[in-house]
Amino acid sequence: MKILITGVAGFIGFHLSESLAKRGEVVIGIDNINDYYDVKLKYDRLNALGIHFEKPNTEENTNNILFVRSTKYHNYSFSRLDITDLESMEKLFVVEEFDCVIHLAAQAGVRYSIINPHAYVQSNIVGFLNILECCRQHETAHLIYASSSSVYGNRSKVPFSETEKVDEPVSLYAATKKSNELMAHSYAHLYGLQTTGLRFFTVYGPWGRPDMAPMLFADAIHNNRPIDVFNDGDMQRDFTYIDDVIEGIVKLTLNSASKKELKSRIFNIGNSSPIKLIDFISGLEKQMGKAAIKNLMPMQDGDVKITYANSDKLKNAIGYRPKTKLSDGLFKFIQWHKEYYHY
């Protein structure tokens, strides 16, 4: 199978690329390597996949798209492309003829959307439209794309289920992800494109995003900085270890829906086992052998005390069963954190 993965310098994209490459699938990864967070981490992820820019093993396809070939996986290659560049994306699709596209590239972050809304519309709306059009025009069999648990908004009913209406996003980021689901549904209806959207829930693990709570907490503990702990830590989130998420995506990739099934699907992909924030921090303290400096604060306006996924739909579809215990996931995460940051 030939697979395109967008956003491969990102957290989930990196792990997914490695997993599929290890399986022997032909994987082409693209990323624009933007500076939303430290680009060194993005380059280091690519380097860990055998993509080296200091001594690149490069070649061009017949449409002059430049690829860096992995020195680690003979079936993996990378090209620095921006999904908002329709001309380049079309050139890529003309030559490569992908069986499946896994679209993970996006402008991430809820708070950043308040100060830079145009970046979200360009990447998450225009870029997604380009992906849909390329898949349609080149008859890609299956498009899997990243949505987000943020589409559920500030609802108190738990667990979150795909059958619930999600018409009240509380951030522009969430609104763009909901828009992606609507756009994918319309392309499935109009053109028969099989689409699968994944609503991710608080993914953590090695090589994680530095703007997400697990990395922020670990960094603060290591550097003796205080952590703002809202509602005295009595908040629950669906922390999901990266390996469980990747296993779910791989199964979806290799087991596409039957043509008789609904062509537009949405799945929650979470741990379905909420964990108190204070317990997550305690787990980090144990693994790091160091106490956190906790700045206990009241509940923030608009925040929700508990959020977690009902993942039964994905379980029924592909047998998805997250199995990583919090203690095991935190051990692996902190082992990587210590090695990467040299302490």
# chains A, B, ... in the order shown; residues from 1 in each chain; ligands from 1
>>> select_by_dssp(residues="segment 183-316 of chain A", states="alpha helix (DSSP H)", output="JSON, numbers by chain")
{"A": [183, 184, 185, 186, 187, 188, 189, 190, 191, 213, 214, 215, 216, 217, 218, 219, 220, 221, 222, 242, 243, 244, 245, 246, 247, 248, 249, 250, 251, 252, 253, 254, 277, 278, 279, 280, 281, 282, 283, 284, 285, 286, 287, 288, 312, 313, 314, 315, 316]}
>>> closest_residue(among="A:Val229, A:Cys134, A:Ala105, A:Glu18", to="Ser70 of chain A", atoms="only C-alpha atoms")
A:Glu18
>>> atom_distance(atom1="atom CA of Thr324 of chain A", atom2="atom CA of Tyr37 of chain A")
27.5 Å
>>> residues_around(residues="segment 268-274 of chain A", least_positions_apart="6", cutoff="7 Å", atoms="only C-alpha atoms", output="MDAnalysis selection string")
chainID A and resid 162 198:201 236:240 245 308:311 314 322
>>> closest_residue(among="A:Arg23, A:His142, A:Lys2, A:Arg111", to="Val95 of chain A", atoms="only C-alpha atoms")
A:Lys2
>>> residues_around(residues="Lys22 of chain A", least_positions_apart="6", cutoff="10 Å", atoms="only C-alpha atoms", output="PyMOL selection string")
chain A and resi 16+72-76
>>> write_last_selection(atoms="all heavy atoms", output="mmCIF file, in the first residue's frame")
data_model
loop_
_atom_site.group_PDB
_atom_site.id
_atom_site.type_symbol
_atom_site.label_atom_id
_atom_site.label_comp_id
_atom_site.auth_asym_id
_atom_site.auth_seq_id
_atom_site.Cartn_x
_atom_site.Cartn_y
_atom_site.Cartn_z
ATOM 1 N N LEU A 16 3.274 7.608 13.602
ATOM 2 C CA LEU A 16 2.531 6.850 12.598
ATOM 3 C C LEU A 16 3.425 6.486 11.415
ATOM 4 O O LEU A 16 3.368 5.365 10.905
ATOM 5 C CB LEU A 16 1.322 7.654 12.125
ATOM 6 C CG LEU A 16 0.422 6.963 11.101
ATOM 7 C CD1 LEU A 16 -0.177 5.686 11.673
ATOM 8 C CD2 LEU A 16 -0.676 7.906 10.638
ATOM 9 N N LYS A 72 17.055 5.029 7.213
ATOM 10 C CA LYS A 72 16.648 4.007 8.184
ATOM 11 C C LYS A 72 15.611 3.050 7.606
ATOM 12 O O LYS A 72 15.632 1.852 7.888
ATOM 13 C CB LYS A 72 16.095 4.690 9.435
ATOM 14 C CG LYS A 72 15.815 3.770 10.597
ATOM 15 C CD LYS A 72 15.413 4.585 11.830
ATOM 16 C CE LYS A 72 15.182 3.691 13.040
ATOM 17 N NZ LYS A 72 14.786 4.496 14.233
ATOM 18 N N TYR A 73 14.690 3.606 6.797
ATOM 19 C CA TYR A 73 13.626 2.808 6.190
ATOM 20 C C TYR A 73 13.644 3.046 4.679
ATOM 21 O O TYR A 73 13.370 4.163 4.223
ATOM 22 C CB TYR A 73 12.256 3.189 6.761
ATOM 23 C CG TYR A 73 12.167 3.052 8.260
ATOM 24 C CD1 TYR A 73 12.172 4.183 9.082
ATOM 25 C CD2 TYR A 73 12.088 1.799 8.860
ATOM 26 C CE1 TYR A 73 12.095 4.058 10.457
ATOM 27 C CE2 TYR A 73 12.013 1.666 10.237
ATOM 28 C CZ TYR A 73 12.011 2.808 11.037
ATOM 29 O OH TYR A 73 11.943 2.687 12.400
ATOM 30 N N HIS A 74 13.944 2.000 3.923
ATOM 31 C CA HIS A 74 14.076 2.156 2.473
ATOM 32 C C HIS A 74 12.755 2.547 1.810
ATOM 33 O O HIS A 74 12.739 3.066 0.696
ATOM 34 C CB HIS A 74 14.594 0.844 1.863
ATOM 35 C CG HIS A 74 13.569 -0.248 1.854
ATOM 36 N ND1 HIS A 74 13.331 -1.050 2.959
ATOM 37 C CD2 HIS A 74 12.702 -0.664 0.886
ATOM 38 C CE1 HIS A 74 12.368 -1.900 2.674
ATOM 39 N NE2 HIS A 74 11.973 -1.703 1.430
ATOM 40 N N ASN A 75 11.647 2.309 2.498
ATOM 41 C CA ASN A 75 10.312 2.554 1.942
ATOM 42 C C ASN A 75 9.710 3.865 2.431
ATOM 43 O O ASN A 75 8.518 4.109 2.261
ATOM 44 C CB ASN A 75 9.369 1.397 2.304
ATOM 45 C CG ASN A 75 9.408 1.052 3.788
ATOM 46 O OD1 ASN A 75 10.441 1.212 4.450
ATOM 47 N ND2 ASN A 75 8.306 0.578 4.327
ATOM 48 N N TYR A 76 10.521 4.725 3.052
ATOM 49 C CA TYR A 76 10.024 5.999 3.580
ATOM 50 C C TYR A 76 10.792 7.164 2.966
ATOM 51 O O TYR A 76 12.019 7.127 2.855
ATOM 52 C CB TYR A 76 10.168 6.043 5.102
ATOM 53 C CG TYR A 76 9.673 7.340 5.708
ATOM 54 C CD1 TYR A 76 8.314 7.627 5.800
ATOM 55 C CD2 TYR A 76 10.570 8.299 6.171
ATOM 56 C CE1 TYR A 76 7.863 8.811 6.335
ATOM 57 C CE2 TYR A 76 10.132 9.488 6.723
ATOM 58 C CZ TYR A 76 8.775 9.748 6.802
ATOM 59 O OH TYR A 76 8.325 10.938 7.325
#
>>> residues_around(residues="Lys40 of chain A", least_positions_apart="3", cutoff="12 Å", atoms="only C-alpha atoms", output="JSON, numbers by chain")
{"A": [9, 10, 33, 34, 35, 36, 37, 43, 44, 45, 46, 47, 207, 209, 210, 340]}
>>> atom_distance(atom1="atom CA of Val27 of chain A", atom2="atom CA of Leu4 of chain A")
6.0 Å
>>> residues_around(residues="Leu254 of chain A", least_positions_apart="3", cutoff="12 Å", atoms="only C-alpha atoms", output="ChimeraX atom specification")
/A:1-3,20,23,25,99-102,141-142,144,247-251,257,318
>>> residues_around(residues="Gly153 of chain A", least_positions_apart="4", cutoff="12 Å", atoms="only C-alpha atoms", output="list of chain:residue names")
A:Val110, A:Ser148, A:Ser149, A:Lys157, A:Phe160, A:Glu164, A:Lys165, A:Val166, A:Asp167, A:Glu168, A:Pro169, A:Val170, A:Ser171, A:Leu172, A:Tyr173, A:Ala174, A:Ala175, A:Lys177, A:Lys178, A:Gly302, A:Asp303, A:Val304, A:Thr307
>>> write_last_selection(atoms="C-alpha atoms", output="PDB file, in the first residue's frame")
ATOM      1  CA  VAL A 110      -6.698  26.482  20.937  1.00  0.00           C
ATOM      2  CA  SER A 148     -10.374  16.863  17.597  1.00  0.00           C
ATOM      3  CA  SER A 149     -12.221  16.296  20.848  1.00  0.00           C
ATOM      4  CA  LYS A 157     -22.521  15.194  29.693  1.00  0.00           C
ATOM      5  CA  PHE A 160     -18.572  12.186  24.757  1.00  0.00           C
ATOM      6  CA  GLU A 164     -24.097  14.031  19.972  1.00  0.00           C
ATOM      7  CA  LYS A 165     -24.542  17.326  18.151  1.00  0.00           C
ATOM      8  CA  VAL A 166     -21.383  19.430  18.073  1.00  0.00           C
ATOM      9  CA  ASP A 167     -22.732  22.751  16.852  1.00  0.00           C
ATOM     10  CA  GLU A 168     -21.292  25.059  19.527  1.00  0.00           C
ATOM     11  CA  PRO A 169     -17.482  25.219  19.242  1.00  0.00           C
ATOM     12  CA  VAL A 170     -15.845  27.516  21.777  1.00  0.00           C
ATOM     13  CA  SER A 171     -12.683  28.255  19.775  1.00  0.00           C
ATOM     14  CA  LEU A 172     -11.827  28.937  16.159  1.00  0.00           C
ATOM     15  CA  TYR A 173      -9.604  25.857  16.203  1.00  0.00           C
ATOM     16  CA  ALA A 174     -12.593  23.703  17.166  1.00  0.00           C
ATOM     17  CA  ALA A 175     -14.702  25.420  14.508  1.00  0.00           C
ATOM     18  CA  LYS A 177     -12.124  20.913  12.907  1.00  0.00           C
ATOM     19  CA  LYS A 178     -15.908  20.738  12.833  1.00  0.00           C
ATOM     20  CA  GLY A 302     -15.602  27.980  30.552  1.00  0.00           C
ATOM     21  CA  ASP A 303     -13.550  24.975  31.633  1.00  0.00           C
ATOM     22  CA  VAL A 304     -15.119  21.544  32.073  1.00  0.00           C
ATOM     23  CA  THR A 307     -14.046  15.042  29.573  1.00  0.00           C
TER      24      THR A 307
END
>>> select_by_dssp(residues="segment 287-339 of chain A", states="strand (DSSP E)", output="PyMOL selection string")
chain A and resi 293-297
>>> closest_residue(among="A:Ala106, A:Ile242, A:Ile334, A:Ala292", to="Ser19 of chain A", atoms="only C-alpha atoms")
A:Ile242
>>> decode(residues="segment 156-204 of chain A", atoms="C-alpha atoms", output="compact mmCIF listing (two decimals), in the first residue's frame")
# COMPACT_ATOMS: atom_id res chain seq x y z
CA SER A 156 -20.94 18.47 30.85
CA LYS A 157 -22.52 15.19 29.69
CA VAL A 158 -19.94 12.39 29.64
CA PRO A 159 -18.64 10.31 28.06
CA PHE A 160 -18.57 12.19 24.76
CA SER A 161 -20.26 10.23 21.98
CA GLU A 162 -20.12 10.67 18.20
CA THR A 163 -23.93 10.72 18.11
CA GLU A 164 -24.10 14.03 19.97
CA LYS A 165 -24.54 17.33 18.15
CA VAL A 166 -21.38 19.43 18.07
CA ASP A 167 -22.73 22.75 16.85
CA GLU A 168 -21.29 25.06 19.53
CA PRO A 169 -17.48 25.22 19.24
CA VAL A 170 -15.84 27.52 21.78
CA SER A 171 -12.68 28.25 19.77
CA LEU A 172 -11.83 28.94 16.16
CA TYR A 173 -9.60 25.86 16.20
CA ALA A 174 -12.59 23.70 17.17
CA ALA A 175 -14.70 25.42 14.51
CA THR A 176 -12.17 24.55 11.80
CA LYS A 177 -12.12 20.91 12.91
CA LYS A 178 -15.91 20.74 12.83
CA SER A 179 -15.75 22.33 9.38
CA ASN A 180 -13.38 19.57 8.27
CA GLU A 181 -15.93 16.95 9.29
CA LEU A 182 -18.68 18.71 7.32
CA MET A 183 -16.46 19.15 4.26
CA ALA A 184 -15.44 15.48 4.35
CA HIS A 185 -19.06 14.41 4.63
CA SER A 186 -20.03 16.48 1.60
CA TYR A 187 -17.19 15.00 -0.51
CA ALA A 188 -18.21 11.51 0.56
CA HIS A 189 -21.80 12.23 -0.47
CA LEU A 190 -21.00 14.01 -3.74
CA TYR A 191 -18.04 11.99 -5.01
CA GLY A 192 -18.04 8.70 -3.12
CA LEU A 193 -14.75 9.50 -1.37
CA GLN A 194 -14.35 7.29 1.68
CA THR A 195 -13.44 9.54 4.62
CA THR A 196 -12.69 8.77 8.26
CA GLY A 197 -12.35 11.53 10.85
CA LEU A 198 -10.67 10.92 14.21
CA ARG A 199 -11.47 12.96 17.30
CA PHE A 200 -8.30 12.70 19.40
CA PHE A 201 -8.36 12.93 23.21
CA THR A 202 -5.26 14.26 25.07
CA VAL A 203 -2.56 12.13 23.47
CA TYR A 204 0.73 11.89 25.37
